[in-house]
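coords-v8.cif (mmCIF, C-alpha atoms) appears below.
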data_input
loop_
_atom_site.group_PDB
_atom_site.id
_atom_site.type_symbol
_atom_site.label_atom_id
_atom_site.label_comp_id
_atom_site.auth_asym_id
_atom_site.auth_seq_id
_atom_site.Cartn_x
_atom_site.Cartn_y
_atom_site.Cartn_z
ATOM 1 C CA MET O 1 8.081 8.687 15.602
ATOM 2 C CA LYS O 2 5.110 8.611 13.246
ATOM 3 C CA LYS O 3 6.098 5.199 11.935
ATOM 4 C CA ILE O 4 6.365 3.781 15.455
ATOM 5 C CA ILE O 5 2.908 5.063 16.307
ATOM 6 C CA ALA O 6 1.583 3.561 13.109
ATOM 7 C CA LEU O 7 3.128 0.195 13.846
ATOM 8 C CA ILE O 8 1.391 0.140 17.206
ATOM 9 C CA PHE O 9 -1.909 0.514 15.374
ATOM 10 C CA ILE O 10 -1.076 -2.319 12.996
ATOM 11 C CA GLY O 11 -0.646 -4.615 15.965
ATOM 12 C CA ALA O 12 -4.220 -3.733 16.960
ATOM 13 C CA SER O 13 -3.157 -2.633 20.399
ATOM 14 C CA PHE O 14 -3.111 1.011 21.322
ATOM 15 C CA GLY O 15 -0.580 2.558 23.661
ATOM 16 C CA ALA O 16 -1.756 3.563 27.125
ATOM 17 C CA SER O 17 -1.672 7.237 26.096
ATOM 18 C CA ALA O 18 -4.235 6.846 23.257
ATOM 19 C CA GLN O 19 -7.961 7.148 23.874
ATOM 20 C CA CYS O 20 -10.141 5.595 21.175
ATOM 21 C CA ILE O 21 -13.802 5.975 20.331
ATOM 22 C CA GLY O 22 -15.539 3.466 18.097
ATOM 23 C CA THR O 23 -15.303 -0.215 17.352
ATOM 24 C CA ASN O 24 -12.500 -2.586 16.419
ATOM 25 C CA ALA O 25 -13.581 -2.114 12.768
ATOM 26 C CA LEU O 26 -13.651 1.710 12.811
ATOM 27 C CA ALA O 27 -12.224 3.991 15.484
ATOM 28 C CA THR O 28 -10.935 7.500 16.031
ATOM 29 C CA CYS O 29 -8.132 7.828 18.550
ATOM 30 C CA TYR O 30 -6.542 10.805 20.287
ATOM 31 C CA ASP O 31 -3.176 10.901 22.033
ATOM 32 C CA ASN O 32 -2.026 13.100 24.922
ATOM 33 C CA ASN O 33 -0.654 15.685 22.461
ATOM 34 C CA GLY O 34 -4.038 16.240 20.768
ATOM 35 C CA ASN O 35 -3.134 14.294 17.631
ATOM 36 C CA SER O 36 -5.855 12.175 16.073
ATOM 37 C CA TYR O 37 -5.805 8.857 14.225
ATOM 38 C CA GLN O 38 -8.557 7.210 12.226
ATOM 39 C CA VAL O 39 -8.259 3.436 12.123
ATOM 40 C CA SER O 40 -10.332 1.110 9.978
ATOM 41 C CA ARG O 41 -10.006 -2.663 9.790
ATOM 42 C CA MET O 42 -11.601 -5.035 7.331
ATOM 43 C CA GLY O 43 -10.430 -8.617 7.202
ATOM 44 C CA ASN O 44 -6.642 -8.669 6.944
ATOM 45 C CA THR O 45 -6.374 -4.992 5.985
ATOM 46 C CA THR O 46 -5.808 -2.069 8.354
ATOM 47 C CA ASN O 47 -5.841 1.561 7.233
ATOM 48 C CA VAL O 48 -4.602 4.382 9.463
ATOM 49 C CA THR O 49 -4.673 8.126 8.857
ATOM 50 C CA GLY O 50 -3.098 10.493 11.354
ATOM 51 C CA HIS O 51 -3.329 14.243 11.933
ATOM 52 C CA ASN O 52 -0.722 16.256 13.831
ATOM 53 C CA ALA O 53 -2.519 18.867 15.941
ATOM 54 C CA ASN O 54 0.533 21.172 16.153
ATOM 55 C CA THR O 55 1.586 21.278 12.501
ATOM 56 C CA GLY O 56 -1.631 20.331 10.700
ATOM 57 C CA SER O 57 0.262 17.679 8.737
ATOM 58 C CA THR O 58 -1.249 14.293 7.946
ATOM 59 C CA TRP O 59 0.128 10.833 7.220
ATOM 60 C CA SER O 60 -1.405 7.526 6.238
ATOM 61 C CA GLN O 61 -0.675 3.864 5.827
ATOM 62 C CA SER O 62 -2.368 0.690 4.683
ATOM 63 C CA SER O 63 -1.322 -2.778 5.843
ATOM 64 C CA ASN O 64 -2.404 -6.139 4.498
ATOM 65 C CA THR O 65 -1.499 -9.465 6.104
ATOM 66 C CA ILE O 66 -1.276 -12.545 3.911
ATOM 67 C CA GLY O 67 -0.079 -15.715 5.596
ATOM 68 C CA ASN O 68 3.005 -14.920 7.668
ATOM 69 C CA SER O 69 3.756 -11.620 5.899
ATOM 70 C CA THR O 70 2.457 -8.084 6.408
ATOM 71 C CA TYR O 71 2.770 -5.589 3.551
ATOM 72 C CA THR O 72 2.560 -1.903 4.448
ATOM 73 C CA ASN O 73 2.474 1.142 2.181
ATOM 74 C CA GLY O 74 2.428 4.630 3.599
ATOM 75 C CA ARG O 75 2.623 8.327 2.971
ATOM 76 C CA ALA O 76 4.752 10.274 5.450
ATOM 77 C CA SER O 77 3.759 13.730 6.700
ATOM 78 C CA ASN O 78 6.190 15.229 4.162
ATOM 79 C CA GLY O 79 4.149 13.668 1.327
ATOM 80 C CA GLN O 80 6.761 11.062 0.460
ATOM 81 C CA HIS O 81 5.801 7.405 0.172
ATOM 82 C CA TRP O 82 7.373 4.417 1.914
ATOM 83 C CA ASN O 83 6.784 0.662 2.066
ATOM 84 C CA GLU O 84 7.678 -2.225 4.325
ATOM 85 C CA THR O 85 7.297 -5.998 4.381
ATOM 86 C CA GLN O 86 7.525 -8.016 7.599
ATOM 87 C CA THR O 87 7.741 -11.787 7.321
ATOM 88 C CA ASN O 88 7.740 -14.118 10.326
ATOM 89 C CA MET O 89 9.629 -17.379 9.882
ATOM 90 C CA GLY O 90 9.607 -19.367 13.101
ATOM 91 C CA GLY O 91 11.295 -17.216 15.727
ATOM 92 C CA THR O 92 12.759 -14.832 13.156
ATOM 93 C CA ARG O 93 11.199 -11.702 11.668
ATOM 94 C CA ILE O 94 12.586 -10.256 8.449
ATOM 95 C CA ILE O 95 11.776 -6.578 7.916
ATOM 96 C CA SER O 96 12.575 -4.852 4.626
ATOM 97 C CA GLY O 97 11.381 -1.839 2.730
ATOM 98 C CA THR O 98 12.089 1.629 1.459
ATOM 99 C CA ASN O 99 11.848 4.668 3.745
ATOM 100 C CA SER O 100 10.276 8.009 2.801
ATOM 101 C CA GLN O 101 13.665 9.252 1.548
ATOM 102 C CA GLY O 102 13.767 6.372 -0.990
ATOM 103 C CA GLU O 103 16.460 4.471 0.931
ATOM 104 C CA PRO O 104 16.133 0.666 1.158
ATOM 105 C CA TYR O 105 16.588 -1.143 4.471
ATOM 106 C CA THR O 106 16.553 -4.697 5.827
ATOM 107 C CA HIS O 107 16.573 -5.942 9.420
ATOM 108 C CA THR O 108 16.426 -9.411 10.869
ATOM 109 C CA CYS O 109 15.052 -9.846 14.384
ATOM 110 C CA ASN O 110 15.052 -12.892 16.649
ATOM 111 C CA GLN O 111 15.081 -13.638 20.386
ATOM 112 C CA PHE O 112 18.564 -12.058 20.627
ATOM 113 C CA GLY O 113 17.569 -8.718 19.100
ATOM 114 C CA CYS O 114 17.658 -7.066 15.687
ATOM 115 C CA ASN O 115 20.448 -6.264 13.252
#
Mind converting the file's structure to structure tokens?
Amino acid sequence: MKKIIALIFIGASFGASAQCIGTNALATCYDNNGNSYQVSRMGNTTNVTGHNANTGSTWSQSSNTIGNSTYTNGRASNGQHWNETQTNMGGTRIISGTNSQGEPYTHTCNQFGCN
């Protein structure tokens, strides 16, 4: 769930349930559950830090886009680190990385779905 929320922020569009205060360069957002997210953007880099209102846990990620690839490094709420690279090649997106349990993954997505 946290990763999905974070990916929404990377795309620079916030879900309908998030209310944000600030500018496109620096904003604080709150969702319907009372969680908060600080988002800062400079050039091709986006940094997000989240705070879970119920548990007090935090998470963070930093994404940098170079050409047709986005490189993301994060720290999950359990303190473990993860990384992901998304590369767009025509109508295909290749997603690969290592999750916060240290397990590698790769997905390929196109107009027919993802595998």
Residues picked by the PyMOL selection byres ((chain O and resi 86-103) around 10) here, as a PDB file with C-alpha atoms, keeping the file's coordinate frame?
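Listed below is the output, selection.pdb:
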ATOM      1  CA  THR O  65      -1.499  -9.465   6.104  1.00  0.00           C
ATOM      2  CA  ILE O  66      -1.276 -12.545   3.911  1.00  0.00           C
ATOM      3  CA  GLY O  67      -0.079 -15.715   5.596  1.00  0.00           C
ATOM      4  CA  ASN O  68       3.005 -14.920   7.668  1.00  0.00           C
ATOM      5  CA  SER O  69       3.756 -11.620   5.899  1.00  0.00           C
ATOM      6  CA  THR O  70       2.457  -8.084   6.408  1.00  0.00           C
ATOM      7  CA  TYR O  71       2.770  -5.589   3.551  1.00  0.00           C
ATOM      8  CA  THR O  72       2.560  -1.903   4.448  1.00  0.00           C
ATOM      9  CA  ASN O  73       2.474   1.142   2.181  1.00  0.00           C
ATOM     10  CA  GLY O  74       2.428   4.630   3.599  1.00  0.00           C
ATOM     11  CA  ARG O  75       2.623   8.327   2.971  1.00  0.00           C
ATOM     12  CA  ALA O  76       4.752  10.274   5.450  1.00  0.00           C
ATOM     13  CA  SER O  77       3.759  13.730   6.700  1.00  0.00           C
ATOM     14  CA  ASN O  78       6.190  15.229   4.162  1.00  0.00           C
ATOM     15  CA  GLY O  79       4.149  13.668   1.327  1.00  0.00           C
ATOM     16  CA  GLN O  80       6.761  11.062   0.460  1.00  0.00           C
ATOM     17  CA  HIS O  81       5.801   7.405   0.172  1.00  0.00           C
ATOM     18  CA  TRP O  82       7.373   4.417   1.914  1.00  0.00           C
ATOM     19  CA  ASN O  83       6.784   0.662   2.066  1.00  0.00           C
ATOM     20  CA  GLU O  84       7.678  -2.225   4.325  1.00  0.00           C
ATOM     21  CA  THR O  85       7.297  -5.998   4.381  1.00  0.00           C
ATOM     22  CA  PRO O 104      16.133   0.666   1.158  1.00  0.00           C
ATOM     23  CA  TYR O 105      16.588  -1.143   4.471  1.00  0.00           C
ATOM     24  CA  THR O 106      16.553  -4.697   5.827  1.00  0.00           C
ATOM     25  CA  HIS O 107      16.573  -5.942   9.420  1.00  0.00           C
ATOM     26  CA  THR O 108      16.426  -9.411  10.869  1.00  0.00           C
ATOM     27  CA  CYS O 109      15.052  -9.846  14.384  1.00  0.00           C
ATOM     28  CA  ASN O 110      15.052 -12.892  16.649  1.00  0.00           C
ATOM     29  CA  GLN O 111      15.081 -13.638  20.386  1.00  0.00           C
ATOM     30  CA  PHE O 112      18.564 -12.058  20.627  1.00  0.00           C
ATOM     31  CA  GLY O 113      17.569  -8.718  19.100  1.00  0.00           C
ATOM     32  CA  CYS O 114      17.658  -7.066  15.687  1.00  0.00           C
TER      33      CYS O 114
END
Would you kindly return, as a PDB file with C-alpha atoms, keeping the file's coordinate frame, each protein, DNA or RNA residue with an atom no farther than 8 Å from any atom of Thr45 (chain O), considering only C-alpha atoms and excluding same-chain residues fewer than 5 positions away?
ATOM      1  CA  SER O  62      -2.368   0.690   4.683  1.00  0.00           C
ATOM      2  CA  SER O  63      -1.322  -2.778   5.843  1.00  0.00           C
ATOM      3  CA  ASN O  64      -2.404  -6.139   4.498  1.00  0.00           C
ATOM      4  CA  THR O  65      -1.499  -9.465   6.104  1.00  0.00           C
TER       5      THR O  65
END
> Evaluating the PyMOL selection byres ((chain O and resi 31) around 10) on the displayed file yields which residues, as a VMD selection string?
Replying inline: chain O and resid 14 to 20 29 to 30 32 to 37
>> Neighbouring residues of Ser40 (chain O) were defined as those with any atom within 6 Å, considering all atoms listed in the file; residues of the same chain fewer than 4 positions away were excluded. Please report them as number ranges by chain.
In response: O: 25-26, 46-47
Using all atoms of region 28-46 of chain O listed in the file and a margin of 3 Å per side, can you give the axis-aligned box centre and edge lengths in Å to one decimal, as lines of an AutoDock Vina configuration file?
center_x = -6.1
center_y = 3.8
center_z = 15.5
size_x = 16.9
size_y = 30.9
size_z = 24.9
> So how far away is CA of Ala27 (chain O) from CA of His51 (chain O), in Å?
Replying inline: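 Computed distance, CA of His51 (chain O) to CA of Ala27 (chain O), equals 14.0 Å.
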> Mind pulling up the distance from CA of Gln61 (chain O) to CA of Asn115 (chain O)?
Replying inline: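 Spanning CA of Asn115 (chain O) to CA of Gln61 (chain O) is a straight-line distance of 24.6 Å.
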Where atoms are absent from region 22-33 of chain O, fill them in so it carries all heavy atoms, then output it as a CSV table (one decimal), in the coordinates of the input.
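And here is the file that came out, selection_8.csv:
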chain,number,residue,atom,x,y,z
O,22,GLY,N,-15.1,4.2,19.2
O,22,GLY,CA,-15.5,3.5,18.1
O,22,GLY,C,-15.4,2.0,18.3
O,22,GLY,O,-15.5,1.5,19.5
O,23,THR,N,-15.3,1.2,17.3
O,23,THR,CA,-15.3,-0.2,17.4
O,23,THR,C,-14.0,-0.7,16.9
O,23,THR,O,-13.1,0.1,16.4
O,23,THR,CB,-16.4,-0.8,16.5
O,23,THR,OG1,-16.1,-0.5,15.1
O,23,THR,CG2,-17.8,-0.3,16.8
O,24,ASN,N,-13.7,-2.0,16.9
O,24,ASN,CA,-12.5,-2.6,16.4
O,24,ASN,C,-12.4,-2.4,14.9
O,24,ASN,O,-11.3,-2.3,14.4
O,24,ASN,CB,-12.4,-4.1,16.8
O,24,ASN,CG,-11.0,-4.6,16.6
O,24,ASN,OD1,-10.0,-4.0,16.9
O,24,ASN,ND2,-11.0,-5.8,16.0
O,25,ALA,N,-13.6,-2.3,14.2
O,25,ALA,CA,-13.6,-2.1,12.8
O,25,ALA,C,-13.3,-0.7,12.3
O,25,ALA,O,-12.8,-0.4,11.3
O,25,ALA,CB,-14.9,-2.6,12.2
O,26,LEU,N,-13.8,0.3,13.2
O,26,LEU,CA,-13.7,1.7,12.8
O,26,LEU,C,-13.6,2.5,14.1
O,26,LEU,O,-14.5,2.5,14.9
O,26,LEU,CB,-14.9,2.2,12.0
O,26,LEU,CG,-14.8,3.6,11.5
O,26,LEU,CD1,-13.7,3.8,10.6
O,26,LEU,CD2,-16.1,3.9,10.8
O,27,ALA,N,-12.4,3.2,14.3
O,27,ALA,CA,-12.2,4.0,15.5
O,27,ALA,C,-11.5,5.3,15.2
O,27,ALA,O,-10.7,5.4,14.2
O,27,ALA,CB,-11.4,3.2,16.5
O,28,THR,N,-11.7,6.3,16.0
O,28,THR,CA,-10.9,7.5,16.0
O,28,THR,C,-10.2,7.6,17.4
O,28,THR,O,-10.9,7.4,18.4
O,28,THR,CB,-11.8,8.7,15.8
O,28,THR,OG1,-12.5,8.6,14.6
O,28,THR,CG2,-11.0,10.0,15.9
O,29,CYS,N,-8.9,7.8,17.3
O,29,CYS,CA,-8.1,7.8,18.6
O,29,CYS,C,-7.4,9.2,18.7
O,29,CYS,O,-7.1,9.8,17.7
O,29,CYS,CB,-7.1,6.7,18.5
O,29,CYS,SG,-7.8,5.1,18.3
O,30,TYR,N,-7.2,9.6,19.9
O,30,TYR,CA,-6.5,10.8,20.3
O,30,TYR,C,-5.4,10.5,21.3
O,30,TYR,O,-5.6,9.7,22.2
O,30,TYR,CB,-7.5,11.8,20.9
O,30,TYR,CG,-8.7,12.1,20.0
O,30,TYR,CD1,-9.9,11.3,20.1
O,30,TYR,CD2,-8.7,13.1,19.1
O,30,TYR,CE1,-11.0,11.6,19.3
O,30,TYR,CE2,-9.7,13.4,18.3
O,30,TYR,CZ,-10.9,12.6,18.4
O,30,TYR,OH,-12.0,12.8,17.6
O,31,ASP,N,-4.3,11.1,21.1
O,31,ASP,CA,-3.2,10.9,22.0
O,31,ASP,C,-3.1,12.1,23.0
O,31,ASP,O,-3.9,13.1,22.8
O,31,ASP,CB,-1.8,10.6,21.3
O,31,ASP,CG,-1.3,11.7,20.5
O,31,ASP,OD1,-1.7,12.9,20.7
O,31,ASP,OD2,-0.4,11.5,19.7
O,32,ASN,N,-2.2,12.0,23.9
O,32,ASN,CA,-2.0,13.1,24.9
O,32,ASN,C,-1.6,14.4,24.3
O,32,ASN,O,-1.7,15.5,25.0
O,32,ASN,CB,-1.1,12.7,26.0
O,32,ASN,CG,-1.6,11.6,26.9
O,32,ASN,OD1,-2.8,11.4,26.9
O,32,ASN,ND2,-0.8,10.8,27.6
O,33,ASN,N,-1.1,14.5,23.1
O,33,ASN,CA,-0.7,15.7,22.5
O,33,ASN,C,-1.7,16.3,21.6
O,33,ASN,O,-1.5,17.3,20.9
O,33,ASN,CB,0.6,15.4,21.6
O,33,ASN,CG,1.8,15.0,22.5
O,33,ASN,OD1,2.0,15.5,23.5
O,33,ASN,ND2,2.5,14.0,22.0
